[in-house]
Amino acid sequence: MNDQFDSPYKSPVQPQQLTEDSKFCFSCYPGISCFNACCKQADITLAPYDVIRLKQRLGISSSDFLQQHTVPFTIDADGTPGIKMRTTDVDPVCLFLDEETGCSVYEDRPTACRYYPMGLLTSRRSDEYHDEQHFAIVKEKHCQGHFEQRELTVGEYRKEQDVEIYDELNRDFYRIIIKKKSAGPGIGKPSKMSQEFFFMAAYDIDRFKDFLTSKNFRSVYDLTDEEYNTILNDDIERLKFSYRLLKQVLFNEPGVPLKDNALQKRMEERKEVIELRQKAELELAKQKAPFEDYIQD
Ligand code: SF4
Ligand code: SF4
């Protein structure tokens, strides 16, 4: 083996894919020598249910949470919007870290913090319909928990960290991301408006509520009053609904019933608006014309 080549890009992600029954050694507890070290090198990508848990914990709106506690990044080459937890500027210390007591939002900490030192990998083979979940251990130098002699299975660790509800409520989000990626350039680069809609529906669940209460929404989508009130008043139900709507808007999957002739009516309304706009542009052009002639002369 040629040991002269020493790649500078050493990934801490261990190459073995683990399943629920795979065993590993790990323990983390207050008092361990590296306590809080991971939260001082935080690079936490947030999923939609993380936002709901944290904004509820802090008693603020999703819009305020996004503004105060997150930074944007792009998930893929098409510019699909993602969000990461905001940290201090100089060192990436999580803003929720309390030096004395550790995580100040522990009961509502994000999925990535619960899984650490494990990574959740969601993938889908091109010839299969269903996606698969795998796990991998992430070994970083600062984490001493790997040297503790407590053996447990991946399944036991997931239970201990209470990740099931997070996985359940983020699963459709990961599916949408994977499907968006695998759709490739065939469906074209998404417009700015479509990215903004994705961001609102996925992360800004309170602003999404404003969208649902707009007149246009109810004139197009056919929901019973009961269903409509539930999605307006319950963040979790609204998140589930946002996934249905995103799949419908992005991939044309039937998810939310449309009112009879709703799209046709909407197109007619749009046609009127477009015609009025064209007329106004024409008038403006007529008014500007003599001046333009003068310039050209
Ligand atoms: S949310 Fe809590 S556990 Fe996660 S990085 Fe911040 S302080 Fe650490
Ligand atoms: S670095 Fe590892 S062992 Fe230390 S506090 Fe973080 S997760 Fe626990």
# chains A, B, ... in the order shown; residues from 1 in each chain; ligands from 1

call {"tool": "residues_around", "arguments": {"residues": "range 256-262 of chain A", "least_positions_apart": "6", "cutoff": "7 Å", "atoms": "only C-alpha atoms", "output": "list in words"}}
result
Ser219, Val220, Tyr221, Asp222, Arg244 and Leu245 of chain A

call {"tool": "residues_near_ligand", "arguments": {"ligand": "ligand 1", "cutoff": "7 Å", "atoms": "only C-alpha atoms and all ligand atoms", "output": "PyMOL selection string"}}
result
chain A and resi 36+38-39+42+44+94-97+102-106+109-110+113

call {"tool": "write_last_selection", "arguments": {"atoms": "N, CA and C atoms", "output": "tab-separated table (two decimals), in the first residue's frame"}}
result
chain	number	residue	atom	x	y	z
A	36	ASN	N	-19.83	19.27	26.44
A	36	ASN	CA	-20.12	20.50	25.66
A	36	ASN	C	-19.20	20.73	24.46
A	38	CYS	N	-18.86	19.23	21.66
A	38	CYS	CA	-19.55	19.13	20.37
A	38	CYS	C	-20.40	20.38	20.10
A	39	CYS	N	-20.96	20.98	21.16
A	39	CYS	CA	-21.83	22.16	20.99
A	39	CYS	C	-21.01	23.42	20.72
A	42	ALA	N	-20.52	23.54	16.56
A	42	ALA	CA	-21.84	23.16	16.06
A	42	ALA	C	-22.04	23.49	14.58
A	44	ILE	N	-25.20	22.51	12.75
A	44	ILE	CA	-26.47	21.78	12.89
A	44	ILE	C	-27.47	22.18	11.80
A	94	CYS	N	-22.84	26.97	19.68
A	94	CYS	CA	-24.30	27.04	19.59
A	94	CYS	C	-24.83	28.08	20.58
A	95	LEU	N	-25.78	28.90	20.11
A	95	LEU	CA	-26.33	29.96	20.96
A	95	LEU	C	-27.15	29.40	22.13
A	96	PHE	N	-27.51	28.13	22.05
A	96	PHE	CA	-28.31	27.53	23.13
A	96	PHE	C	-27.44	26.86	24.19
A	97	LEU	N	-26.12	26.99	24.04
A	97	LEU	CA	-25.24	26.33	25.02
A	97	LEU	C	-25.07	27.19	26.27
A	102	GLY	N	-25.01	23.02	30.20
A	102	GLY	CA	-25.11	22.33	28.92
A	102	GLY	C	-26.22	22.92	28.06
A	103	CYS	N	-26.91	22.06	27.35
A	103	CYS	CA	-27.92	22.52	26.38
A	103	CYS	C	-29.12	23.14	27.11
A	104	SER	N	-29.44	24.39	26.76
A	104	SER	CA	-30.55	25.06	27.44
A	104	SER	C	-31.91	24.71	26.83
A	105	VAL	N	-31.90	23.97	25.73
A	105	VAL	CA	-33.19	23.57	25.12
A	105	VAL	C	-33.22	22.03	25.00
A	106	TYR	N	-32.58	21.38	25.94
A	106	TYR	CA	-32.32	19.94	25.83
A	106	TYR	C	-33.55	19.11	25.42
A	109	ARG	N	-34.13	19.75	21.77
A	109	ARG	CA	-32.95	19.88	20.90
A	109	ARG	C	-33.23	19.24	19.53
A	110	PRO	N	-32.56	19.76	18.50
A	110	PRO	CA	-32.83	19.28	17.14
A	110	PRO	C	-32.43	17.83	16.88
A	113	CYS	N	-28.69	16.90	16.88
A	113	CYS	CA	-28.08	16.84	18.21
A	113	CYS	C	-28.46	15.52	18.90

call {"tool": "residues_near_ligand", "arguments": {"ligand": "ligand 2", "cutoff": "6 Å", "atoms": "only C-alpha atoms and all ligand atoms", "output": "number ranges by chain"}}
result
A: 28, 34-38, 142-145

call {"tool": "select_by_dssp", "arguments": {"residues": "range 21-65 of chain A", "states": "strand (DSSP E or B)", "output": "MDAnalysis selection string"}}
result
chainID A and resid 23:25 45:46

call {"tool": "write_last_selection", "arguments": {"atoms": "C-alpha atoms", "output": "mmCIF file, in the first residue's frame"}}
result
data_model
loop_
_atom_site.group_PDB
_atom_site.id
_atom_site.type_symbol
_atom_site.label_atom_id
_atom_site.label_comp_id
_atom_site.auth_asym_id
_atom_site.auth_seq_id
_atom_site.Cartn_x
_atom_site.Cartn_y
_atom_site.Cartn_z
ATOM 1 C CA LYS A 23 -24.013 -2.481 18.056
ATOM 2 C CA PHE A 24 -21.601 0.262 19.026
ATOM 3 C CA CYS A 25 -19.927 1.618 22.181
ATOM 4 C CA THR A 45 -28.778 21.476 9.903
ATOM 5 C CA LEU A 46 -32.388 21.900 10.940
#

call {"tool": "closest_atom_pairs", "arguments": {"of": "range 11-91 of chain A", "to": "range 195-210 of chain A", "cutoff": "8 Å", "atoms": "only C-alpha atoms", "output": "tab-separated table"}}
result
residue	atom	partner	partner_atom	distance
A:Ala47	CA	A:Tyr203	CA	7.7
A:Pro48	CA	A:Tyr203	CA	5.1
A:Val51	CA	A:Tyr203	CA	6.6
A:Ile52	CA	A:Ile205	CA	7.8
A:Ser61	CA	A:Asp206	CA	6.4
A:Ser62	CA	A:Asp204	CA	5.2
A:Ser63	CA	A:Asp204	CA	5.8
A:Leu66	CA	A:Asp204	CA	7.5
A:Gly79	CA	A:Gln195	CA	7.7
A:Thr80	CA	A:Gln195	CA	6.4
A:Pro81	CA	A:Phe199	CA	6.3
A:Gly82	CA	A:Phe199	CA	7.9

call {"tool": "select_by_dssp", "arguments": {"residues": "range 52-223 of chain A", "states": "alpha helix (DSSP H)", "output": "JSON, numbers by chain"}}
result
{"A": [52, 53, 54, 55, 56, 57, 58, 62, 63, 64, 65, 66, 67, 68, 69, 111, 112, 113, 114, 115, 154, 155, 156, 157, 158, 159, 160, 164, 165, 166, 167, 168, 169, 170, 171, 172, 173, 174, 175, 176, 177, 178, 179, 180, 181, 182, 183, 192, 193, 194, 195, 196, 197, 198, 199, 200, 201, 202, 205, 206, 207, 208, 209, 210, 211, 212, 215, 216, 217, 218, 219, 220]}

call {"tool": "residues_around", "arguments": {"residues": "range 68-76 of chain A", "least_positions_apart": "6", "cutoff": "6 Å", "atoms": "only C-alpha atoms", "output": "PyMOL selection string"}}
result
chain A and resi 82-86

call {"tool": "closest_residue", "arguments": {"among": "A:His146, A:Lys189, A:Lys55, A:Lys240", "to": "Phe26 in chain A", "atoms": "only C-alpha atoms"}}
result
A:His146

call {"tool": "atom_distance", "arguments": {"atom1": "CA of Gln41 in chain A", "atom2": "CA of Asp91 in chain A"}}
result
7.2 Å

call {"tool": "closest_residue", "arguments": {"among": "A:Phe211, A:Arg150, A:Tyr49, A:Thr101", "to": "Val163 in chain A", "atoms": "only C-alpha atoms"}}
result
A:Tyr49

call {"tool": "residues_around", "arguments": {"residues": "Lys139 in chain A", "least_positions_apart": "4", "cutoff": "9 Å", "atoms": "only C-alpha atoms", "output": "JSON, numbers by chain"}}
result
{"A": [11, 12, 13, 14, 117, 118, 143, 146]}

call {"tool": "atom_distance", "arguments": {"atom1": "CA of Phe251 in chain A", "atom2": "CA of Leu239 in chain A"}}
result
17.8 Å

call {"tool": "closest_residue", "arguments": {"among": "A:Gln17, A:Ser33, A:Asn170, A:Ser194", "to": "Gly119 in chain A", "atoms": "only C-alpha atoms"}}
result
A:Gln17
